[in-house]
Amino acid sequence: MKSLHLFTFLSLLPLAVLSTVLVDYDAARGDAPSVMGHLNIEKAKGDRPKTEDDSLFIRTSVDPAGTPAAHFHRAKGNIRTEYHAMFYETEADKTYYIGYSFSLGVITHNLVLFQWKEFIEQELQRIPLNLEFDDDVLTFNYQAPGVNTKRVRYWGKKLEVGVKYDVGFVIHTGRSSETGWARLYWDGKPVKLEKGGYYVNGTMFQGQTDPKFGAYRGEEVEIDTYVYNVKIGSTWSDVKDVTG
Ligand SMILES: *[C@@H]1O[C@H](CO)[C@@H](O)[C@H](O)[C@H]1NC(C)=O
């Protein structure tokens, strides 16, 4: 009788408030990198091999200090080692909490560490959000819908190689600039943006807009990056252990 009551009570709770961990990669636990999502590798632009080789891979390994990590490696000239997380699974009008911890073996201009990228309606909007280096400053950018829009910087921080950084994103997948927004957390603290306030108010979803983690562009040099955790959930507490 008692358990029946409990069951009835739980079934009445609105589903949205229940926390759900959607992606949970933890290198220290020994997880395979594929826990992050769908492998996405590219040599020269458009050359997308089906399998990894020693010039282009994401492997279970350690960082240079010996800490377990997924090692993302690209020989000079190769353009992409990424995991496309939540592969065609994100939905409009939801709030996603994302934790991402990484360190860098090299820092180079135009290297992109994170993309919030559209996959179906790319003529409407391509990459609403990204983390991209401008020289040695990692910048957080928003790009509005439209073919003639430019990527707009909201924040930047000079980074160093060999340091573990914990990043958090909260992204609300509104389809308009009135309903969509994003926030950034750095080493556990909310980031005050250069334009004032804590919100990037903008369109965050078109047909299918998903997160990508790893290393894209900056192909003029050999790239090594190390990822310790990628976690995505439906509440802040789902990812708090990763965001610092
Ligand atoms: C941005 O979005 C947040 C969250 O919905 C809201 O509280 C804030 O008022 C918005 N800011 C502007 C300038 O519209």
# chains A, B, ... in the order shown; residues from 1 in each chain; ligands from 1
call {"tool": "residues_around", "arguments": {"residues": "Tyr216 of chain A", "least_positions_apart": "3", "cutoff": "8 Å", "atoms": "only C-alpha atoms", "output": "list in words"}}
result
Ile79, Arg80, Thr81, Glu82, Leu111, Val112, Leu113 and Glu219 of chain A
call {"tool": "residues_near_ligand", "arguments": {"ligand": "ligand 1", "cutoff": "6 Å", "atoms": "only C-alpha atoms and all ligand atoms", "output": "MDAnalysis selection string"}}
result
chainID A and resid 181 199 201
call {"tool": "write_last_selection", "arguments": {"atoms": "N, CA and C atoms", "output": "CSV table (one decimal), in the first residue's frame"}}
result
chain,number,residue,atom,x,y,z
A,181,TRP,N,18.4,32.0,-25.0
A,181,TRP,CA,19.5,32.6,-24.2
A,181,TRP,C,20.6,31.6,-23.9
A,199,TYR,N,23.6,37.2,-19.6
A,199,TYR,CA,22.9,36.4,-20.7
A,199,TYR,C,23.3,36.8,-22.1
A,201,ASN,N,21.3,36.9,-25.1
A,201,ASN,CA,20.0,36.7,-25.5
A,201,ASN,C,20.0,36.6,-27.1
call {"tool": "closest_residue", "arguments": {"among": "A:Ala70, A:Ile41, A:Val147, A:Ile120", "to": "Gln206 of chain A", "atoms": "only C-alpha atoms"}}
result
A:Ile120
call {"tool": "closest_residue", "arguments": {"among": "A:Asp241, A:Glu91, A:Asp134, A:Glu123", "to": "Gly218 of chain A", "atoms": "only C-alpha atoms"}}
result
A:Asp134
call {"tool": "select_by_dssp", "arguments": {"residues": "segment 108-181 of chain A", "states": "strand (DSSP E)", "output": "MDAnalysis selection string"}}
result
chainID A and resid 112:118 129:134 137:142 152:158 165:172 181
call {"tool": "atom_distance", "arguments": {"atom1": "atom CA of Ala32 of chain A", "atom2": "atom CA of Val62 of chain A"}}
result
12.8 Å
call {"tool": "residues_around", "arguments": {"residues": "Lys150 of chain A", "least_positions_apart": "5", "cutoff": "12 Å", "atoms": "only C-alpha atoms", "output": "list in words"}}
result
Gln125, Arg126, Ile127, Pro128, Leu129, Asn141, Tyr142, Gln143, Ala144 and Pro145 of chain A
call {"tool": "write_last_selection", "arguments": {"atoms": "C-alpha atoms", "output": "mmCIF file, in the first residue's frame"}}
result
data_model
loop_
_atom_site.group_PDB
_atom_site.id
_atom_site.type_symbol
_atom_site.label_atom_id
_atom_site.label_comp_id
_atom_site.auth_asym_id
_atom_site.auth_seq_id
_atom_site.Cartn_x
_atom_site.Cartn_y
_atom_site.Cartn_z
ATOM 1 C CA GLN A 125 21.902 29.872 -38.909
ATOM 2 C CA ARG A 126 25.126 27.906 -38.685
ATOM 3 C CA ILE A 127 26.870 28.185 -35.345
ATOM 4 C CA PRO A 128 24.902 30.140 -32.731
ATOM 5 C CA LEU A 129 27.656 29.750 -30.082
ATOM 6 C CA ASN A 141 30.845 34.136 -29.422
ATOM 7 C CA TYR A 142 27.270 34.330 -30.671
ATOM 8 C CA GLN A 143 26.209 34.440 -34.303
ATOM 9 C CA ALA A 144 22.638 35.514 -35.078
ATOM 10 C CA PRO A 145 20.538 33.965 -37.883
#
call {"tool": "closest_residue", "arguments": {"among": "A:Asp24, A:Thr95, A:Glu178, A:Val227", "to": "Phe114 of chain A", "atoms": "only C-alpha atoms"}}
result
A:Val227
call {"tool": "residues_around", "arguments": {"residues": "Gly99 of chain A", "least_positions_apart": "6", "cutoff": "6 Å", "atoms": "only C-alpha atoms", "output": "list of chain:residue names"}}
result
A:Val167, A:Gly168, A:Val230, A:Lys231, A:Val239, A:Val242, A:Thr243
call {"tool": "write_last_selection", "arguments": {"atoms": "N, CA and C atoms", "output": "mmCIF file, in the first residue's frame"}}
result
data_model
loop_
_atom_site.group_PDB
_atom_site.id
_atom_site.type_symbol
_atom_site.label_atom_id
_atom_site.label_comp_id
_atom_site.auth_asym_id
_atom_site.auth_seq_id
_atom_site.Cartn_x
_atom_site.Cartn_y
_atom_site.Cartn_z
ATOM 1 N N VAL A 167 34.586 24.504 -17.721
ATOM 2 C CA VAL A 167 33.651 25.436 -18.355
ATOM 3 C C VAL A 167 32.232 24.922 -18.160
ATOM 4 N N GLY A 168 31.298 25.834 -17.973
ATOM 5 C CA GLY A 168 29.884 25.464 -17.921
ATOM 6 C C GLY A 168 29.085 26.323 -18.877
ATOM 7 N N VAL A 230 32.907 15.509 -20.006
ATOM 8 C CA VAL A 230 31.806 16.182 -20.710
ATOM 9 C C VAL A 230 30.526 15.654 -20.077
ATOM 10 N N LYS A 231 29.741 16.574 -19.563
ATOM 11 C CA LYS A 231 28.505 16.144 -18.915
ATOM 12 C C LYS A 231 27.378 17.081 -19.340
ATOM 13 N N VAL A 239 25.411 18.782 -13.434
ATOM 14 C CA VAL A 239 26.753 19.009 -13.995
ATOM 15 C C VAL A 239 27.687 19.746 -13.038
ATOM 16 N N VAL A 242 31.325 18.827 -12.476
ATOM 17 C CA VAL A 242 32.263 19.047 -13.582
ATOM 18 C C VAL A 242 32.620 20.520 -13.739
ATOM 19 N N THR A 243 31.687 21.403 -13.411
ATOM 20 C CA THR A 243 31.906 22.818 -13.739
ATOM 21 C C THR A 243 32.767 23.559 -12.719
#
call {"tool": "closest_residue", "arguments": {"among": "A:Pro64, A:Gly30, A:Pro211, A:Gly197", "to": "Lys164 of chain A", "atoms": "only C-alpha atoms"}}
result
A:Pro64
call {"tool": "residues_around", "arguments": {"residues": "Thr90 of chain A", "least_positions_apart": "2", "cutoff": "10 Å", "atoms": "only C-alpha atoms", "output": "PyMOL selection string"}}
result
chain A and resi 85-88+92-96+173+205+207-211
call {"tool": "residues_around", "arguments": {"residues": "Asp238 of chain A", "least_positions_apart": "6", "cutoff": "10 Å", "atoms": "only C-alpha atoms", "output": "number ranges by chain"}}
result
A: 19-22, 24, 97-99, 231-232
call {"tool": "write_last_selection", "arguments": {"atoms": "C-alpha atoms", "output": "compact mmCIF listing (two decimals), in the first residue's frame"}}
result
# COMPACT_ATOMS: atom_id res chain seq x y z
CA SER A 19 16.94 15.82 -13.28
CA THR A 20 18.18 13.81 -16.22
CA VAL A 21 21.81 13.23 -17.07
CA LEU A 22 21.97 13.00 -20.86
CA ASP A 24 28.32 11.69 -18.87
CA TYR A 97 23.28 22.35 -18.62
CA ILE A 98 26.72 21.47 -19.93
CA GLY A 99 29.99 20.85 -18.08
CA LYS A 231 28.51 16.14 -18.92
CA ILE A 232 25.09 17.32 -20.06
call {"tool": "residues_around", "arguments": {"residues": "segment 185-187 of chain A", "least_positions_apart": "2", "cutoff": "9 Å", "atoms": "only C-alpha atoms", "output": "list in words"}}
result
Gly99, Tyr165, Asp166, Val167, Gly168, Phe169, Val170, Arg183, Lys189, Pro190, Val191, Lys192, Thr243 and Gly244 of chain A
call {"tool": "atom_distance", "arguments": {"atom1": "atom CA of Asp224 of chain A", "atom2": "atom CA of Phe72 of chain A"}}
result
5.6 Å
call {"tool": "closest_atom_pairs", "arguments": {"of": "segment 89-109 of chain A", "to": "segment 74-77 of chain A", "cutoff": "12 Å", "atoms": "only C-alpha atoms", "output": "tab-separated table"}}
result
residue	atom	partner	partner_atom	distance
A:Gly105	CA	A:Arg74	CA	11.4
A:Val106	CA	A:Arg74	CA	11.2
A:Thr108	CA	A:Lys76	CA	11.8
call {"tool": "closest_residue", "arguments": {"among": "A:Gly146, A:Pro49, A:Gly202, A:Gly162", "to": "Phe102 of chain A", "atoms": "only C-alpha atoms"}}
result
A:Gly162
call {"tool": "atom_distance", "arguments": {"atom1": "atom CA of Ile223 of chain A", "atom2": "atom CA of Asn130 of chain A"}}
result
18.2 Å
call {"tool": "closest_residue", "arguments": {"among": "A:Ala182, A:Leu104, A:Ala27, A:Ile171", "to": "Thr67 of chain A", "atoms": "only C-alpha atoms"}}
result
A:Ala27
